[in-house]
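Text of work.csv, listed as CSV, C-alpha atoms:
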```csv
chain,number,residue,atom,x,y,z
C,1,MET,CA,23.8,23.4,45.7
C,2,GLU,CA,25.0,19.8,45.4
C,3,THR,CA,21.5,18.5,46.1
C,4,LEU,CA,20.2,20.8,43.4
C,5,CYS,CA,22.8,19.4,40.9
C,6,GLN,CA,21.8,15.8,41.8
C,7,SER,CA,18.2,16.7,41.2
C,8,PHE,CA,19.0,18.0,37.7
C,9,HIS,CA,20.8,14.8,36.9
C,10,THR,CA,17.5,12.9,37.3
C,11,PHE,CA,16.0,14.8,34.4
C,12,GLY,CA,18.0,12.8,31.9
C,13,PHE,CA,20.0,15.5,30.1
C,14,LYS,CA,22.4,14.1,27.6
C,15,GLY,CA,25.3,16.5,28.0
C,16,ASP,CA,27.0,18.3,30.8
C,17,PHE,CA,25.6,21.4,32.5
C,18,SER,CA,26.6,23.7,35.3
C,19,ILE,CA,24.5,25.5,37.9
C,20,GLY,CA,25.3,28.9,39.5
C,21,LEU,CA,23.4,30.9,42.1
C,22,ILE,CA,22.0,34.3,41.1
C,23,ASP,CA,20.2,35.0,44.3
C,24,TYR,CA,18.2,33.1,47.0
C,25,LYS,CA,15.5,32.1,44.5
C,26,HIS,CA,17.1,32.2,41.1
C,27,ILE,CA,19.8,30.0,39.5
C,28,SER,CA,21.7,30.0,36.3
C,29,ILE,CA,22.0,26.7,34.3
C,30,ARG,CA,24.4,26.5,31.4
C,31,PHE,CA,24.0,23.5,29.1
C,32,VAL,CA,26.6,22.1,26.7
C,33,LEU,CA,24.0,20.7,24.3
C,34,GLU,CA,21.4,22.9,22.8
C,35,GLU,CA,18.9,20.0,22.9
C,36,ASP,CA,19.2,19.9,26.7
C,37,PHE,CA,18.6,23.6,26.9
C,38,LEU,CA,15.5,23.3,24.7
C,39,ARG,CA,14.2,20.3,26.7
C,40,CYS,CA,14.5,22.3,29.9
C,41,TRP,CA,13.1,25.6,28.5
C,42,MET,CA,10.2,24.0,26.6
C,43,LYS,CA,9.0,22.2,29.8
C,44,SER,CA,6.8,24.8,31.3
C,45,ALA,CA,7.4,23.9,35.0
C,46,ARG,CA,9.2,21.3,37.1
C,47,PHE,CA,9.5,20.5,40.8
C,48,VAL,CA,13.0,20.4,42.2
C,49,GLU,CA,13.4,19.3,45.8
C,50,GLY,CA,9.7,20.1,46.3
C,51,TYR,CA,10.0,23.7,44.9
C,52,HIS,CA,8.3,24.9,41.8
C,53,MET,CA,10.8,25.8,39.1
C,54,ARG,CA,10.3,27.6,35.7
C,55,ALA,CA,13.1,27.9,33.2
C,56,PHE,CA,13.7,31.2,31.4
C,57,LYS,CA,16.0,32.0,28.5
C,58,TRP,CA,18.7,34.4,29.6
C,59,HIS,CA,19.2,37.6,27.6
C,60,PRO,CA,21.4,40.7,28.1
C,61,LEU,CA,18.6,42.7,29.8
C,62,PHE,CA,17.7,39.8,32.2
C,63,SER,CA,16.4,41.0,35.6
C,64,VAL,CA,15.0,38.9,38.4
C,65,GLU,CA,12.2,41.5,38.8
C,66,VAL,CA,10.9,41.2,35.3
C,67,LYS,CA,9.2,38.0,34.1
C,68,PRO,CA,10.4,37.1,30.6
C,69,PHE,CA,8.4,38.0,27.6
C,70,ILE,CA,10.4,35.7,25.3
C,71,LEU,CA,9.3,32.1,25.6
C,72,PRO,CA,8.5,29.0,23.6
C,73,ILE,CA,5.0,28.1,22.5
C,74,TRP,CA,3.6,25.4,20.2
C,75,ILE,CA,1.7,26.3,17.1
C,76,THR,CA,-0.1,24.0,14.7
C,77,PHE,CA,-1.1,24.0,11.1
C,78,GLU,CA,-4.1,21.7,10.4
C,79,GLY,CA,-4.6,20.2,7.0
C,80,LEU,CA,-1.3,21.4,5.6
C,81,PRO,CA,-0.7,20.2,2.0
C,82,ALA,CA,1.5,17.1,1.9
C,83,CYS,CA,4.4,19.0,0.2
C,84,PHE,CA,4.8,21.1,3.3
C,85,LEU,CA,5.0,18.1,5.7
C,86,ASN,CA,8.8,18.3,6.3
C,87,LYS,CA,11.0,20.1,8.8
C,88,HIS,CA,12.3,22.7,6.4
C,89,SER,CA,8.8,23.8,5.3
C,90,VAL,CA,7.2,23.7,8.8
C,91,PHE,CA,10.1,25.8,10.1
C,92,SER,CA,9.6,28.3,7.3
C,93,LEU,CA,5.9,28.6,8.2
C,94,GLY,CA,6.8,28.9,11.9
C,95,GLN,CA,9.1,31.9,11.1
C,96,VAL,CA,6.0,34.1,10.6
C,97,VAL,CA,5.4,33.8,14.3
C,98,GLY,CA,8.9,33.5,15.8
C,99,THR,CA,12.1,31.5,15.8
C,100,PRO,CA,11.4,27.8,15.1
C,101,LEU,CA,12.9,25.5,17.8
C,102,LYS,CA,11.6,22.0,17.2
C,103,ILE,CA,9.0,20.1,15.3
C,104,ASN,CA,6.9,17.4,17.0
C,105,LEU,CA,7.7,13.7,16.5
C,106,ALA,CA,4.5,13.1,14.5
C,107,ILE,CA,5.7,15.4,11.7
C,108,ALA,CA,9.2,14.1,11.8
C,109,THR,CA,8.0,10.5,11.3
C,110,LEU,CA,4.7,11.4,9.4
C,111,LEU,CA,2.7,9.5,12.0
C,112,ARG,CA,0.0,12.3,11.9
C,113,PRO,CA,0.1,14.1,8.6
C,114,SER,CA,-3.1,16.0,9.3
C,115,LEU,CA,-1.4,18.2,11.8
C,116,ALA,CA,1.9,20.0,11.6
C,117,LYS,CA,3.2,21.2,15.0
C,118,VAL,CA,6.2,23.4,15.7
C,119,CYS,CA,7.6,25.0,18.8
C,120,VAL,CA,8.6,28.6,18.2
C,121,GLU,CA,10.4,31.2,20.4
C,122,VAL,CA,8.1,34.2,20.6
C,123,ASP,CA,8.1,37.7,22.0
C,124,LEU,CA,4.8,38.2,23.9
C,125,LEU,CA,5.0,41.9,23.2
C,126,GLN,CA,4.6,41.3,19.5
C,127,LYS,CA,1.3,40.6,17.6
C,128,PHE,CA,0.6,37.1,16.5
C,129,PRO,CA,-0.7,36.4,12.9
C,130,ALA,CA,-4.0,34.5,12.5
C,131,GLY,CA,-2.6,32.7,9.4
C,132,VAL,CA,-0.4,32.6,6.4
C,133,ARG,CA,-1.0,32.4,2.7
C,134,LEU,CA,0.7,29.5,1.0
C,135,GLY,CA,1.7,30.3,-2.6
C,136,ILE,CA,1.1,33.4,-4.7
C,137,GLU,CA,-2.1,35.3,-5.3
C,138,GLU,CA,-4.8,32.6,-5.2
C,139,GLY,CA,-2.7,30.4,-2.8
C,140,LYS,CA,-4.3,28.6,0.1
C,141,TRP,CA,-5.0,30.4,3.3
C,142,GLN,CA,-3.4,28.4,6.2
C,143,LYS,CA,-4.8,29.1,9.7
C,144,ILE,CA,-2.2,29.2,12.6
C,145,ASN,CA,-3.5,27.6,15.8
C,146,TYR,CA,-1.8,28.6,19.0
C,147,GLU,CA,-1.8,26.1,21.8
C,148,HIS,CA,-1.3,28.6,24.6
C,149,ILE,CA,-0.2,32.2,24.6
C,150,PRO,CA,0.3,33.5,28.1
C,151,LEU,CA,-0.9,37.0,28.8
C,152,TYR,CA,1.7,39.6,29.7
C,153,CYS,CA,1.2,42.7,31.8
C,154,THR,CA,3.6,45.5,30.7
C,155,LYS,CA,3.0,47.5,33.9
C,156,TYR,CA,4.1,44.8,36.4
C,157,HIS,CA,6.2,42.7,33.9
C,158,LYS,CA,4.4,39.5,34.8
C,159,GLN,CA,2.8,36.7,32.8
C,160,GLY,CA,-0.7,35.4,33.3
C,161,HIS,CA,-3.0,38.2,34.4
C,162,LYS,CA,-5.6,39.9,32.4
C,163,GLN,CA,-6.2,43.6,32.0
C,164,ALA,CA,-9.4,43.3,34.1
C,165,LYS,CA,-7.3,42.0,37.0
C,166,CYS,CA,-4.6,44.6,36.6
C,167,LEU,CA,-5.7,47.7,38.5
C,168,GLU,CA,-3.1,50.1,37.0
C,169,GLY,CA,-1.3,48.2,34.2
C,170,ASN,CA,-1.6,48.0,30.5
C,171,GLN,CA,-2.2,44.6,29.1
C,172,ILE,CA,-0.6,43.6,25.8
C,173,VAL,CA,-3.2,41.7,23.8
C,174,ASN,CA,-1.9,39.9,20.8
C,175,SER,CA,-4.1,40.7,17.8
C,176,ASN,CA,-4.7,38.5,14.8
C,177,ASP,CA,-2.8,40.1,11.8
C,178,ASN,CA,-2.5,38.3,8.5
C,179,VAL,CA,0.9,37.3,7.1
C,180,HIS,CA,1.6,36.3,3.5
C,181,ILE,CA,4.5,34.2,2.2
```

Have the structure of the file written as structure tokens, please.
Amino acid sequence: METLCQSFHTFGFKGDFSIGLIDYKHISIRFVLEEDFLRCWMKSARFVEGYHMRAFKWHPLFSVEVKPFILPIWITFEGLPACFLNKHSVFSLGQVVGTPLKINLAIATLLRPSLAKVCVEVDLLQKFPAGVRLGIEEGKWQKINYEHIPLYCTKYHKQGHKQAKCLEGNQIVNSNDNVHI
């Protein structure tokens, strides 16, 4: 366990954290700083002592047998009007998909005003909207681009396999519903 803690110190977290053993292949990490938690969770995979590690957000119904269906994904809004290029507006737009977690540096510093990017916490069992209407009635239709939405099998509670590869399961496919704000 001490070797594991030393490995985690090399990731450059800003605050303290503690590590506990759940079972032979699962650990619990508690961060003092939310930004450290987000940094760990938003990185899809790491290698620790030569072993592949994925971070999952704990929830009250957590089970080591069930792969999580709540996870962070990046979404983008191309060509967003200039008045929306700020954290508050991009977070508001991100809320139609999930819980906004972080905007990218290019929006925070306006280095790339043609593309607003926000990381949102999503539930893979829910439908994802294709876009959002900005304004009232004749407002602009803003398309939502998803960088990567993992597939989730509800039969085996696993991420990443398609219905065609699941012999018995039922695949949740996220449809493109429209959302207006």

Which polymer residues, protein or nucleic acid, are no farther than 10 Å from (7.4, 46.4, 33.7), counting all atoms listed in the file, as an mmCIF file with C-alpha atoms, keeping the file's coordinate frame?
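Final output, saved to selection02.cif:
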```
data_model
loop_
_atom_site.group_PDB
_atom_site.id
_atom_site.type_symbol
_atom_site.label_atom_id
_atom_site.label_comp_id
_atom_site.auth_asym_id
_atom_site.auth_seq_id
_atom_site.Cartn_x
_atom_site.Cartn_y
_atom_site.Cartn_z
ATOM 1 C CA GLU C 65 12.200 41.500 38.800
ATOM 2 C CA VAL C 66 10.900 41.200 35.300
ATOM 3 C CA LYS C 67 9.200 38.000 34.100
ATOM 4 C CA TYR C 152 1.700 39.600 29.700
ATOM 5 C CA CYS C 153 1.200 42.700 31.800
ATOM 6 C CA THR C 154 3.600 45.500 30.700
ATOM 7 C CA LYS C 155 3.000 47.500 33.900
ATOM 8 C CA TYR C 156 4.100 44.800 36.400
ATOM 9 C CA HIS C 157 6.200 42.700 33.900
ATOM 10 C CA LYS C 158 4.400 39.500 34.800
ATOM 11 C CA GLY C 169 -1.300 48.200 34.200
ATOM 12 C CA ASN C 170 -1.600 48.000 30.500
#
```

Check: Do you know which residues are at most 6 Å from segment 134-151 of chain C counting only C-alpha atoms, after dropping those on the same chain fewer than 6 positions away, and could you put them as a list in words?
Finding: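 Here the qualifying residues turn out to be Trp74, Ile75, Thr76, Phe77, Gln159 and Gly160 of chain C.
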
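Nearest to Val120 of chain C of all the residues C:Ile19, C:Ile73, C:Cys40, C:Ala55 is C:Ile73, based on all atoms listed in the file.
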
Next item on the list: Go ahead and find all residues with at least one atom no further than 12 Å from (16.0, 13.7, 35.4) in the file's coordinates, using all atoms listed in the file; report them as a list of chain:residue names.
Entry: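 Answer for this query, in the requested form: C:Leu4, C:Cys5, C:Gln6, C:Ser7, C:Phe8, C:His9, C:Thr10, C:Phe11, C:Gly12, C:Phe13, C:Lys14, C:Asp36, C:Arg39, C:Cys40, C:Arg46, C:Phe47, C:Val48.
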
Store the residues picked out above in a file with C-alpha atoms, as a PDB file, in the frame of the given file.
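Dumped everything to part_8.pdb:
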```pdb
ATOM      1  CA  LEU C   4      20.200  20.800  43.400  1.00  0.00           C
ATOM      2  CA  CYS C   5      22.800  19.400  40.900  1.00  0.00           C
ATOM      3  CA  GLN C   6      21.800  15.800  41.800  1.00  0.00           C
ATOM      4  CA  SER C   7      18.200  16.700  41.200  1.00  0.00           C
ATOM      5  CA  PHE C   8      19.000  18.000  37.700  1.00  0.00           C
ATOM      6  CA  HIS C   9      20.800  14.800  36.900  1.00  0.00           C
ATOM      7  CA  THR C  10      17.500  12.900  37.300  1.00  0.00           C
ATOM      8  CA  PHE C  11      16.000  14.800  34.400  1.00  0.00           C
ATOM      9  CA  GLY C  12      18.000  12.800  31.900  1.00  0.00           C
ATOM     10  CA  PHE C  13      20.000  15.500  30.100  1.00  0.00           C
ATOM     11  CA  LYS C  14      22.400  14.100  27.600  1.00  0.00           C
ATOM     12  CA  ASP C  36      19.200  19.900  26.700  1.00  0.00           C
ATOM     13  CA  ARG C  39      14.200  20.300  26.700  1.00  0.00           C
ATOM     14  CA  CYS C  40      14.500  22.300  29.900  1.00  0.00           C
ATOM     15  CA  ARG C  46       9.200  21.300  37.100  1.00  0.00           C
ATOM     16  CA  PHE C  47       9.500  20.500  40.800  1.00  0.00           C
ATOM     17  CA  VAL C  48      13.000  20.400  42.200  1.00  0.00           C
TER      18      VAL C  48
END
```

Notebook entry, point to check: In terms of the shortest atom-to-atom distance over only C-alpha atoms, which of C:Phe56, C:Phe84, C:Phe17, C:Phe62 is closest to Glu121 of chain C?
Noted result: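 Closest candidate: C:Phe56.
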
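The spacing separating atom CA of Val122 of chain C from atom CA of Gly98 of chain C amounts to 4.9 Å.
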
Check: Pick from C:Val96, C:Ile70, C:Ser18, C:Lys87: nearest to Ala108 of chain C, with all atoms listed in the file counted?
Finding: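 Result for the nearest residue to Ala108 of chain C: C:Lys87.
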
Margin query: Which residues are close to Leu115 of chain C, i.e. within 10 Å by only C-alpha atoms, leaving aside same-chain residues fewer than 5 positions away? Reply as JSON, numbers by chain.
Written below: {"C": [76, 77, 78, 79, 80, 85, 104, 106, 107, 110]}

Next item on the list: Find the residue from C:Thr3, C:Leu105, C:Val97, C:Ala116 that sits nearest to Ala130 of chain C; use only C-alpha atoms when measuring.
Entry: C:Val97

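Atom CA of Glu49 of chain C is found 15.8 Å from atom CA of Leu21 of chain C.
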
Next item on the list: Have a look at C:Leu38, C:Val64, C:Ala45, C:Leu125 and name the one nearest to His26 of chain C; count only C-alpha atoms.
Entry: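 The answer is C:Val64, which sits nearest to His26 of chain C.
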
Next item on the list: One decimal, Å: what's the distance from atom CA of Asp16 of chain C over to atom CA of Gly50 of chain C, could you say?
Entry: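 Atom CA of Asp16 of chain C sits 23.3 Å away from atom CA of Gly50 of chain C.
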
Check: For Gly94 of chain C, which residue out of C:Val118, C:Phe37, C:Ile29, C:His52 is the nearest one, using all atoms listed in the file?
Finding: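 That would be C:Val118, the residue with the smallest distance to Gly94 of chain C.
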